[in-house]
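> As input, take upload07.cif (mmCIF, C-alpha atoms):
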```cif
data_run
#
loop_
_atom_site.group_PDB
_atom_site.id
_atom_site.type_symbol
_atom_site.label_atom_id
_atom_site.label_comp_id
_atom_site.auth_asym_id
_atom_site.auth_seq_id
_atom_site.Cartn_x
_atom_site.Cartn_y
_atom_site.Cartn_z
ATOM 1 C CA MET A 271 58.698 -50.694 -27.910
ATOM 2 C CA ILE A 272 55.239 -49.122 -28.321
ATOM 3 C CA GLU A 273 54.568 -49.185 -24.597
ATOM 4 C CA GLU A 274 57.911 -47.548 -23.859
ATOM 5 C CA VAL A 275 57.250 -44.686 -26.290
ATOM 6 C CA ASN A 276 53.722 -44.233 -24.869
ATOM 7 C CA LYS A 277 55.220 -43.986 -21.378
ATOM 8 C CA ILE A 278 57.712 -41.334 -22.549
ATOM 9 C CA ILE A 279 54.803 -39.254 -23.968
ATOM 10 C CA TYR A 280 52.890 -39.741 -20.701
ATOM 11 C CA ASN A 281 55.777 -38.450 -18.590
ATOM 12 C CA MET A 282 56.461 -35.486 -20.875
ATOM 13 C CA LEU A 283 52.857 -34.354 -20.641
ATOM 14 C CA ILE A 284 52.583 -34.900 -16.877
ATOM 15 C CA SER A 285 55.744 -32.850 -16.323
ATOM 16 C CA GLY A 286 54.082 -29.935 -18.075
ATOM 17 C CA ARG A 287 56.671 -29.693 -20.869
ATOM 18 C CA GLY A 288 54.457 -31.001 -23.643
ATOM 19 C CA VAL A 289 55.611 -33.186 -26.519
ATOM 20 C CA PHE A 290 56.181 -32.498 -30.204
ATOM 21 C CA LEU A 291 55.344 -35.393 -32.496
ATOM 22 C CA PRO A 292 57.084 -34.944 -35.875
ATOM 23 C CA ASP A 293 54.682 -34.999 -38.856
ATOM 24 C CA VAL A 294 51.759 -34.767 -36.368
ATOM 25 C CA GLY A 295 51.916 -31.739 -34.086
ATOM 26 C CA THR A 296 52.292 -30.736 -30.438
ATOM 27 C CA LEU A 297 50.370 -32.046 -27.433
ATOM 28 C CA PHE A 298 50.427 -29.962 -24.237
ATOM 29 C CA ILE A 299 48.402 -29.508 -21.049
ATOM 30 C CA GLU A 300 46.572 -26.219 -20.488
ATOM 31 C CA ARG A 301 44.269 -24.881 -17.762
ATOM 32 C CA ARG A 302 40.730 -24.408 -18.977
ATOM 33 C CA GLY A 303 38.011 -22.366 -17.282
ATOM 34 C CA ALA A 304 34.528 -23.467 -16.343
ATOM 35 C CA ARG A 305 32.365 -24.571 -19.250
ATOM 36 C CA LYS A 306 28.598 -24.596 -19.519
ATOM 37 C CA ILE A 307 27.349 -28.057 -20.377
ATOM 38 C CA SER A 308 23.581 -27.449 -19.975
ATOM 39 C CA ALA A 309 21.105 -24.703 -19.113
ATOM 40 C CA ASP A 310 21.705 -25.068 -15.371
ATOM 41 C CA ARG A 311 25.041 -26.895 -15.108
ATOM 42 C CA LEU A 312 28.723 -25.893 -15.384
ATOM 43 C CA LEU A 313 31.865 -27.972 -15.687
ATOM 44 C CA SER A 314 34.390 -26.732 -13.130
ATOM 45 C CA PRO A 315 37.838 -25.401 -14.186
ATOM 46 C CA ARG A 316 40.212 -28.253 -15.116
ATOM 47 C CA ASN A 317 43.437 -29.313 -16.831
ATOM 48 C CA ALA A 318 43.086 -30.689 -20.366
ATOM 49 C CA VAL A 319 45.319 -31.857 -23.255
ATOM 50 C CA SER A 320 45.339 -29.491 -26.212
ATOM 51 C CA PHE A 321 46.756 -29.924 -29.711
ATOM 52 C CA SER A 322 48.660 -27.554 -31.960
ATOM 53 C CA SER A 323 49.978 -28.257 -35.447
ATOM 54 C CA ARG A 324 53.062 -26.098 -34.745
ATOM 55 C CA GLU A 325 56.184 -27.202 -32.859
ATOM 56 C CA GLN A 326 55.731 -25.793 -29.365
ATOM 57 C CA ALA A 327 57.409 -28.426 -27.143
ATOM 58 C CA PRO A 328 60.493 -30.709 -27.015
ATOM 59 C CA SER A 329 60.584 -33.326 -29.776
ATOM 60 C CA LEU A 330 59.707 -36.911 -28.943
ATOM 61 C CA VAL A 331 62.647 -38.090 -31.148
ATOM 62 C CA THR A 332 65.133 -36.140 -29.065
ATOM 63 C CA GLU A 333 63.584 -37.496 -25.841
ATOM 64 C CA ILE A 334 63.843 -41.096 -27.142
ATOM 65 C CA ALA A 335 67.532 -40.592 -28.065
ATOM 66 C CA THR A 336 68.231 -39.198 -24.615
ATOM 67 C CA ILE A 337 66.428 -41.947 -22.694
ATOM 68 C CA ALA A 338 67.613 -44.850 -24.944
ATOM 69 C CA GLY A 339 71.189 -43.506 -25.229
ATOM 70 C CA CYS A 340 71.174 -43.886 -29.001
ATOM 71 C CA GLY A 341 71.829 -41.661 -31.948
ATOM 72 C CA GLU A 342 69.346 -39.313 -33.599
ATOM 73 C CA GLU A 343 68.908 -41.582 -36.622
ATOM 74 C CA GLN A 344 68.137 -44.626 -34.482
ATOM 75 C CA ALA A 345 65.731 -42.613 -32.331
ATOM 76 C CA ARG A 346 63.960 -41.358 -35.470
ATOM 77 C CA ASP A 347 63.645 -44.948 -36.699
ATOM 78 C CA ILE A 348 62.067 -45.984 -33.364
ATOM 79 C CA TYR A 349 59.630 -43.075 -33.569
ATOM 80 C CA GLY A 350 58.737 -43.952 -37.171
ATOM 81 C CA ARG A 351 57.884 -47.563 -36.307
ATOM 82 C CA TRP A 352 55.816 -46.412 -33.275
ATOM 83 C CA LEU A 353 53.883 -43.944 -35.417
ATOM 84 C CA ASP A 354 53.114 -46.600 -38.033
ATOM 85 C CA LYS A 355 51.631 -48.907 -35.417
ATOM 86 C CA THR A 356 49.586 -46.287 -33.519
ATOM 87 C CA ARG A 357 48.190 -44.121 -36.344
ATOM 88 C CA GLU A 358 45.278 -45.154 -38.536
ATOM 89 C CA GLY A 359 44.441 -42.442 -41.055
ATOM 90 C CA SER A 360 43.836 -39.222 -39.124
ATOM 91 C CA THR A 361 43.493 -41.014 -35.764
ATOM 92 C CA LEU A 362 46.423 -41.483 -33.410
ATOM 93 C CA LYS A 363 45.979 -43.727 -30.369
ATOM 94 C CA ILE A 364 48.420 -43.232 -27.499
ATOM 95 C CA GLY A 365 47.988 -45.968 -24.911
ATOM 96 C CA GLY A 366 47.517 -44.670 -21.354
ATOM 97 C CA VAL A 367 47.129 -41.047 -22.620
ATOM 98 C CA GLY A 368 44.275 -40.713 -25.098
ATOM 99 C CA VAL A 369 43.219 -40.488 -28.734
ATOM 100 C CA LEU A 370 44.030 -37.700 -31.194
ATOM 101 C CA ASN A 371 41.375 -37.569 -33.890
ATOM 102 C CA ASP A 372 42.448 -35.070 -36.517
ATOM 103 C CA LYS A 373 43.036 -32.002 -34.307
ATOM 104 C CA SER A 374 40.831 -33.004 -31.357
ATOM 105 C CA PHE A 375 42.335 -34.896 -28.423
ATOM 106 C CA SER A 376 40.301 -36.992 -25.961
ATOM 107 C CA ALA A 377 42.183 -38.053 -22.831
ATOM 108 C CA GLU A 378 41.609 -41.447 -21.234
ATOM 109 C CA ALA A 379 39.921 -41.513 -17.817
ATOM 110 C CA GLY A 380 43.117 -42.561 -16.005
ATOM 111 C CA PHE A 381 45.190 -39.824 -17.598
ATOM 112 C CA ASN A 382 42.448 -37.263 -16.956
ATOM 113 C CA THR A 383 42.495 -38.223 -13.258
ATOM 114 C CA ALA A 384 46.270 -37.909 -13.195
ATOM 115 C CA ILE A 385 46.259 -34.341 -14.501
ATOM 116 C CA ASN A 386 43.214 -33.412 -12.328
ATOM 117 C CA PRO A 387 43.916 -34.931 -8.907
ATOM 118 C CA ASP A 388 41.032 -32.964 -7.297
ATOM 119 C CA GLY A 389 38.637 -34.196 -9.934
ATOM 120 C CA VAL A 390 36.391 -32.353 -12.366
ATOM 121 C CA LYS A 391 33.132 -31.218 -10.781
ATOM 122 C CA THR A 392 29.774 -30.348 -12.228
ATOM 123 C CA LEU A 393 28.315 -27.142 -10.749
ATOM 124 C CA VAL A 394 24.558 -26.520 -10.554
ATOM 125 C CA ILE A 395 23.455 -23.002 -11.402
ATOM 126 C CA ARG A 396 20.751 -21.651 -9.111
ATOM 127 C CA ARG A 397 18.932 -18.899 -10.903
ATOM 128 C CA ARG A 398 17.753 -15.954 -8.851
ATOM 129 C CA SER A 399 14.012 -15.551 -8.786
ATOM 130 C CA ASN A 400 12.597 -12.142 -9.737
ATOM 131 C CA ALA A 401 9.164 -12.881 -8.301
ATOM 132 C CA TRP A 402 9.649 -10.321 -5.505
ATOM 133 C CA LEU A 403 10.405 -7.653 -8.101
ATOM 134 C CA TYR A 404 7.228 -8.445 -10.017
ATOM 135 C CA ALA A 405 5.211 -8.388 -6.761
ATOM 136 C CA LEU A 406 6.690 -5.012 -5.814
ATOM 137 C CA CYS A 407 5.831 -3.602 -9.240
ATOM 138 C CA ALA A 408 2.268 -4.905 -8.903
ATOM 139 C CA VAL A 409 1.870 -3.272 -5.475
ATOM 140 C CA CYS A 410 3.206 0.037 -6.819
ATOM 141 C CA VAL A 411 0.745 -0.097 -9.712
ATOM 142 C CA LEU A 412 -2.177 -0.824 -7.370
ATOM 143 C CA VAL A 413 -1.196 2.036 -5.065
ATOM 144 C CA ALA A 414 -0.890 4.415 -8.010
ATOM 145 C CA VAL A 415 -4.296 3.362 -9.340
ATOM 146 C CA GLY A 416 -5.846 3.774 -5.877
ATOM 147 C CA VAL A 417 -4.406 7.271 -5.489
ATOM 148 C CA GLY A 418 -5.627 8.222 -8.956
ATOM 149 C CA VAL A 419 -9.139 6.938 -8.268
ATOM 150 C CA TYR A 420 -9.272 8.770 -4.942
ATOM 151 C CA MET A 421 -8.053 12.024 -6.469
ATOM 152 C CA GLN A 422 -10.617 11.811 -9.263
ATOM 153 C CA TRP A 423 -13.696 10.533 -7.452
ATOM 154 C CA GLY A 424 -12.894 10.286 -3.736
ATOM 155 C CA THR A 425 -13.495 13.957 -2.875
ATOM 156 C CA SER A 426 -16.906 14.078 -4.534
ATOM 157 C CA LEU A 427 -17.941 10.787 -2.900
ATOM 158 C CA LEU A 428 -16.926 11.996 0.560
ATOM 159 C CA SER A 429 -18.792 15.266 -0.005
ATOM 160 C CA GLY A 430 -21.898 13.360 -1.035
ATOM 161 C CA MET A 431 -21.702 11.155 2.045
ATOM 162 C CA SER A 432 -21.343 14.225 4.273
ATOM 163 C CA VAL A 433 -24.438 15.776 2.737
ATOM 164 C CA VAL A 434 -26.427 12.592 3.259
ATOM 165 C CA LYS A 435 -25.275 12.298 6.884
ATOM 166 C CA SER A 436 -26.102 15.933 7.638
ATOM 167 C CA ASN A 437 -29.529 15.799 5.994
ATOM 168 C CA ALA A 438 -30.741 12.458 7.301
ATOM 169 C CA PRO A 439 -30.680 13.249 11.034
ATOM 170 C CA THR A 440 -32.354 16.640 10.394
ATOM 171 C CA GLU A 441 -35.267 14.955 8.699
ATOM 172 C CA ARG A 442 -35.707 12.599 11.637
ATOM 173 C CA ILE A 443 -35.482 15.412 14.217
ATOM 174 C CA ALA A 444 -37.994 17.544 12.383
ATOM 175 C CA ASP A 445 -40.439 14.696 11.998
ATOM 176 C CA ALA A 446 -40.063 13.738 15.641
ATOM 177 C CA ALA A 447 -40.464 17.330 16.815
ATOM 178 C CA LEU A 448 -43.751 17.857 14.979
ATOM 179 C CA PRO A 449 -46.674 15.917 16.483
ATOM 180 C CA SER A 450 -49.303 14.648 14.085
ATOM 181 C CA ALA A 451 -52.678 16.269 13.660
ATOM 182 C CA ASP A 452 -54.358 13.607 15.780
ATOM 183 C CA ASN A 453 -52.092 14.131 18.819
ATOM 184 C CA ASP A 454 -53.124 16.324 21.748
ATOM 185 C CA ILE A 455 -50.903 18.857 23.496
ATOM 186 C CA ALA A 456 -49.989 16.196 26.057
ATOM 187 C CA ASP A 457 -47.982 14.385 23.365
ATOM 188 C CA ALA A 458 -45.895 17.476 22.489
ATOM 189 C CA PRO A 459 -42.494 17.990 24.166
ATOM 190 C CA MET A 460 -42.416 20.312 27.205
ATOM 191 C CA GLN A 461 -39.646 22.928 27.218
ATOM 192 C CA GLY A 462 -38.578 24.930 30.253
ATOM 193 C CA ASP A 463 -36.906 28.245 30.885
ATOM 194 C CA SER A 464 -33.606 26.813 29.572
ATOM 195 C CA LEU A 465 -34.908 27.228 26.039
ATOM 196 C CA ILE A 466 -34.143 30.898 26.334
ATOM 197 C CA ASN A 467 -30.529 29.755 25.762
ATOM 198 C CA ASP A 468 -31.471 28.058 22.455
ATOM 199 C CA ALA A 469 -28.897 27.801 19.636
ATOM 200 C CA GLY A 470 -30.602 30.722 17.950
ATOM 201 C CA ALA A 471 -30.394 32.945 21.090
ATOM 202 C CA ASP A 472 -27.358 35.179 21.514
ATOM 203 C CA ALA A 473 -25.014 35.518 24.467
ATOM 204 C CA GLY A 474 -26.879 38.506 25.922
ATOM 205 C CA ALA A 475 -29.815 36.369 26.968
ATOM 206 C CA GLN A 476 -27.448 33.943 28.719
ATOM 207 C CA ASN A 477 -25.923 36.779 30.724
ATOM 208 C CA VAL A 478 -29.378 37.988 31.823
ATOM 209 C CA GLN A 479 -30.370 34.517 32.989
ATOM 210 C CA SER A 480 -27.033 34.080 34.840
ATOM 211 C CA ALA A 481 -27.524 37.438 36.544
ATOM 212 C CA GLU A 482 -30.998 36.426 37.786
ATOM 213 C CA ASN A 483 -29.594 33.208 39.247
ATOM 214 C CA ALA A 484 -26.691 35.017 40.855
ATOM 215 C CA GLU A 485 -29.030 37.446 42.636
ATOM 216 C CA SER A 486 -31.005 34.623 44.190
ATOM 217 C CA VAL A 487 -27.926 32.967 45.741
ATOM 218 C CA ALA A 488 -25.673 35.951 46.496
ATOM 219 C CA PRO A 489 -25.022 36.513 50.275
ATOM 220 C CA GLN A 490 -26.483 39.667 51.866
ATOM 221 C CA THR A 491 -23.120 40.547 53.404
ATOM 222 C CA ALA A 492 -21.482 41.020 49.977
ATOM 223 C CA PRO A 493 -20.422 44.590 49.316
ATOM 224 C CA PRO A 494 -22.808 46.495 47.078
ATOM 225 C CA ALA A 495 -21.733 46.572 43.472
ATOM 226 C CA VAL A 496 -22.472 49.124 40.843
ATOM 227 C CA GLU A 497 -25.736 47.959 39.366
ATOM 228 C CA ALA A 498 -26.079 48.201 35.621
ATOM 229 C CA GLU A 499 -29.285 49.506 34.231
ATOM 230 C CA PRO A 500 -31.280 46.393 33.204
ATOM 231 C CA THR A 501 -32.573 46.336 29.710
ATOM 232 C CA PRO A 502 -36.346 46.402 29.981
ATOM 233 C CA ALA A 503 -38.030 43.489 28.314
ATOM 234 C CA PRO A 504 -40.545 44.385 25.653
ATOM 235 C CA ALA A 505 -44.016 44.517 27.080
ATOM 236 C CA THR A 506 -46.014 41.921 25.257
ATOM 237 C CA SER A 507 -49.467 41.306 26.623
ATOM 238 C CA VAL A 508 -50.576 37.783 27.293
ATOM 239 C CA SER A 509 -53.056 36.668 24.654
ATOM 240 C CA GLU A 510 -55.757 34.100 25.062
ATOM 241 C CA GLY A 511 -55.122 32.971 21.487
ATOM 242 C CA LYS A 512 -56.960 34.003 18.381
ATOM 243 C CA TYR A 513 -55.891 30.952 16.373
ATOM 244 C CA ALA A 514 -56.679 27.299 16.834
ATOM 245 C CA TYR A 515 -53.041 26.203 16.458
ATOM 246 C CA TYR A 516 -49.714 27.768 17.381
ATOM 247 C CA VAL A 517 -46.075 26.855 16.696
ATOM 248 C CA VAL A 518 -44.376 26.862 20.108
ATOM 249 C CA MET A 519 -40.655 27.379 20.706
ATOM 250 C CA GLY A 520 -40.706 27.145 24.516
ATOM 251 C CA VAL A 521 -42.606 27.160 27.821
ATOM 252 C CA PHE A 522 -41.341 29.583 30.518
ATOM 253 C CA SER A 523 -42.084 30.107 34.182
ATOM 254 C CA THR A 524 -42.368 33.897 33.914
ATOM 255 C CA GLU A 525 -43.902 36.216 31.372
ATOM 256 C CA GLN A 526 -40.674 38.236 31.287
ATOM 257 C CA ASN A 527 -38.645 35.210 30.143
ATOM 258 C CA ALA A 528 -41.263 34.367 27.541
ATOM 259 C CA ASN A 529 -41.155 37.955 26.171
ATOM 260 C CA ARG A 530 -37.347 37.912 26.104
ATOM 261 C CA ALA A 531 -37.341 34.667 24.112
ATOM 262 C CA LEU A 532 -39.827 36.138 21.650
ATOM 263 C CA GLU A 533 -37.601 39.193 21.097
ATOM 264 C CA GLN A 534 -34.647 36.930 20.394
ATOM 265 C CA VAL A 535 -36.649 34.964 17.812
ATOM 266 C CA LYS A 536 -37.537 38.243 16.060
ATOM 267 C CA ARG A 537 -33.839 38.726 15.297
ATOM 268 C CA HIS A 538 -33.876 35.582 13.157
ATOM 269 C CA ILE A 539 -37.421 35.623 11.725
ATOM 270 C CA LYS A 540 -38.568 38.856 10.124
ATOM 271 C CA ASP A 541 -42.256 39.925 10.344
ATOM 272 C CA LEU A 542 -42.812 37.480 13.174
ATOM 273 C CA ASN A 543 -46.445 36.801 14.094
ATOM 274 C CA GLY A 544 -45.729 35.799 17.667
ATOM 275 C CA ALA A 545 -47.752 35.627 20.876
ATOM 276 C CA ILE A 546 -47.431 34.851 24.597
ATOM 277 C CA LEU A 547 -50.060 32.346 25.732
ATOM 278 C CA PRO A 548 -50.913 31.106 29.254
ATOM 279 C CA PHE A 549 -50.330 27.393 29.819
ATOM 280 C CA LYS A 550 -50.837 25.553 33.131
ATOM 281 C CA GLY A 551 -49.595 28.428 35.272
ATOM 282 C CA LYS A 552 -46.718 29.152 32.873
ATOM 283 C CA PHE A 553 -46.291 31.051 29.614
ATOM 284 C CA ILE A 554 -45.896 29.763 26.072
ATOM 285 C CA THR A 555 -43.792 31.606 23.494
ATOM 286 C CA ALA A 556 -45.561 31.042 20.168
ATOM 287 C CA ILE A 557 -43.877 32.258 16.971
ATOM 288 C CA PHE A 558 -46.647 31.433 14.502
ATOM 289 C CA GLY A 559 -50.410 30.919 14.606
ATOM 290 C CA SER A 560 -53.043 29.581 12.221
ATOM 291 C CA ASP A 561 -56.431 27.905 12.244
ATOM 292 C CA LYS A 562 -54.952 25.120 10.100
ATOM 293 C CA ARG A 563 -52.595 22.630 11.619
ATOM 294 C CA ASP A 564 -50.940 21.960 8.253
ATOM 295 C CA ASP A 565 -49.893 25.621 8.026
ATOM 296 C CA CYS A 566 -48.218 25.369 11.420
ATOM 297 C CA ALA A 567 -46.494 22.134 10.451
ATOM 298 C CA SER A 568 -45.208 23.738 7.232
ATOM 299 C CA PHE A 569 -43.914 26.762 9.149
ATOM 300 C CA ALA A 570 -42.114 24.554 11.667
ATOM 301 C CA ARG A 571 -40.403 22.584 8.896
ATOM 302 C CA SER A 572 -39.209 25.747 7.179
ATOM 303 C CA TYR A 573 -37.365 26.871 10.342
ATOM 304 C CA ARG A 574 -36.146 23.481 11.574
ATOM 305 C CA ASP A 575 -32.522 24.422 10.787
ATOM 306 C CA ILE A 576 -32.691 27.246 13.385
ATOM 307 C CA TYR A 577 -35.161 25.818 15.939
ATOM 308 C CA PRO A 578 -35.196 22.000 15.692
ATOM 309 C CA ASP A 579 -37.503 21.529 18.754
ATOM 310 C CA LEU A 580 -40.590 23.417 17.548
ATOM 311 C CA TRP A 581 -43.953 21.808 18.356
ATOM 312 C CA ILE A 582 -47.642 22.571 17.692
ATOM 313 C CA TYR A 583 -50.055 23.664 20.431
ATOM 314 C CA ASN A 584 -53.824 23.109 19.958
ATOM 315 C CA VAL A 585 -55.658 25.841 21.867
ATOM 316 C CA LYS A 586 -59.052 24.076 21.733
#
```
As structure tokens, how would this structure be written, given the file I've shared?

Amino acid sequence: MIEEVNKIIYNMLISGRGVFLPDVGTLFIERRGARKISADRLLSPRNAVSFSSREQAPSLVTEIATIAGCGEEQARDIYGRWLDKTREGSTLKIGGVGVLNDKSFSAEAGFNTAINPDGVKTLVIRRRSNAWLYALCAVCVLVAVGVGVYMQWGTSLLSGMSVVKSNAPTERIADAALPSADNDIADAPMQGDSLINDAGADAGAQNVQSAENAESVAPQTAPPAVEAEPTPAPATSVSEGKYAYYVVMGVFSTEQNANRALEQVKRHIKDLNGAILPFKGKFITAIFGSDKRDDCASFARSYRDIYPDLWIYNVK
């Protein structure tokens, strides 16, 4: 008799109708969502047996009367005897279905498989890593710090480097351009007529030199052009040298070119103490003279920003 009643309960639950057990409550199947069983695992959605103390399903007594073809009183008697044999205190054991302990029902494995034919699965949660976000934030911070450092100190550092670069080569050029006191004139650099086009000379001197060259190569058959009145070069007499040392800016093939170069230097150096000196069939344009070599060296250094190729000529 117990097995038959258990089978009736089994069928009523499987059909989805549920079953009301008088003096106990109602058992019914409901669909439950996924449930978290650990930090990284979920139990998939499933069907489960739930319990309610209210009457929410057909009565087991009525179902017994229908199946057994007996009266209500006889069916209630059958149910009463079944309940006495299956209930112990607050625990009700239904063979083939599960155990109701107070208000909590635990289905047997076979019945659980029957109401979940696809099985109950355990899902692993894969947490998204935010490492890329932290790395991006770190890069942004480093870039911001770099920009701030550059804005605060970068400009002054670059300016300092520019000053060092511009000063260092000038020192080397000046030192190389000035021969030592022990060197003879043979060690000093020789400069030709091209020095008349020095960085300190203006464009007028270049035009004069170009005109001289053009006259030497122009064909005689060219039509005569209107000749401009040449600007006479200042007449500076050639001196034999009244000082032992001179600061020389250039050596020229003609006295006229030497005088022209001297006039151009006068535009940059006021109160110039210059002279034109003969030198090996050519003419030297000297812009300073002294009996002391150190004075000449000091003068050359003071004007190295304008004339970087100055050198000292020893007359003796």
> Would you mind reading off the distance between CA of Asn584 in chain A and CA of Ala556 in chain A, one decimal, in Å?
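For CA of Asn584 in chain A relative to CA of Ala556 in chain A, the distance reads 11.5 Å.
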> Work out how far CA of Ser314 in chain A is from CA of Lys391 in chain A, in Å to one decimal.
5.2 Å
> Which residues fall under the PyMOL selection byres ((chain A and resi 333-335) around 9) in this file, as a PyMOL selection string?
chain A and resi 275+278+282+328-332+336-346+348-349
> One decimal, in Å: what's the spacing between CA of Asn386 in chain A and CA of Arg311 in chain A?
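Taking CA of Asn386 in chain A as the start and CA of Arg311 in chain A as the end point, the length is 19.5 Å.
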> Would you write out, as a list of chain:residue names, every residue that the PyMOL selection byres ((chain A and resi 360) around 12) captures in this file?
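So the PyMOL selection byres ((chain A and resi 360) around 12) ends up selecting A:Asp293, A:Val294, A:Leu353, A:Asp354, A:Thr356, A:Arg357, A:Glu358, A:Gly359, A:Thr361, A:Leu362, A:Lys363, A:Val369, A:Leu370, A:Asn371, A:Asp372, A:Lys373, A:Ser374, A:Phe375.
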> Can you list, as a compact mmCIF listing (two decimals) with C-alpha atoms, in the frame of the given file, every protein, DNA or RNA residue that comes within 8 Å of Lys562 in chain A when you count all atoms listed in the file, leaving out same-chain residues fewer than 2 positions away?

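Writing the result to result32.txt gives the following:
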```
# COMPACT_ATOMS: atom_id res chain seq x y z
CA ALA A 514 -56.68 27.30 16.83
CA TYR A 515 -53.04 26.20 16.46
CA SER A 560 -53.04 29.58 12.22
CA ASP A 564 -50.94 21.96 8.25
CA ASP A 565 -49.89 25.62 8.03
CA CYS A 566 -48.22 25.37 11.42
```
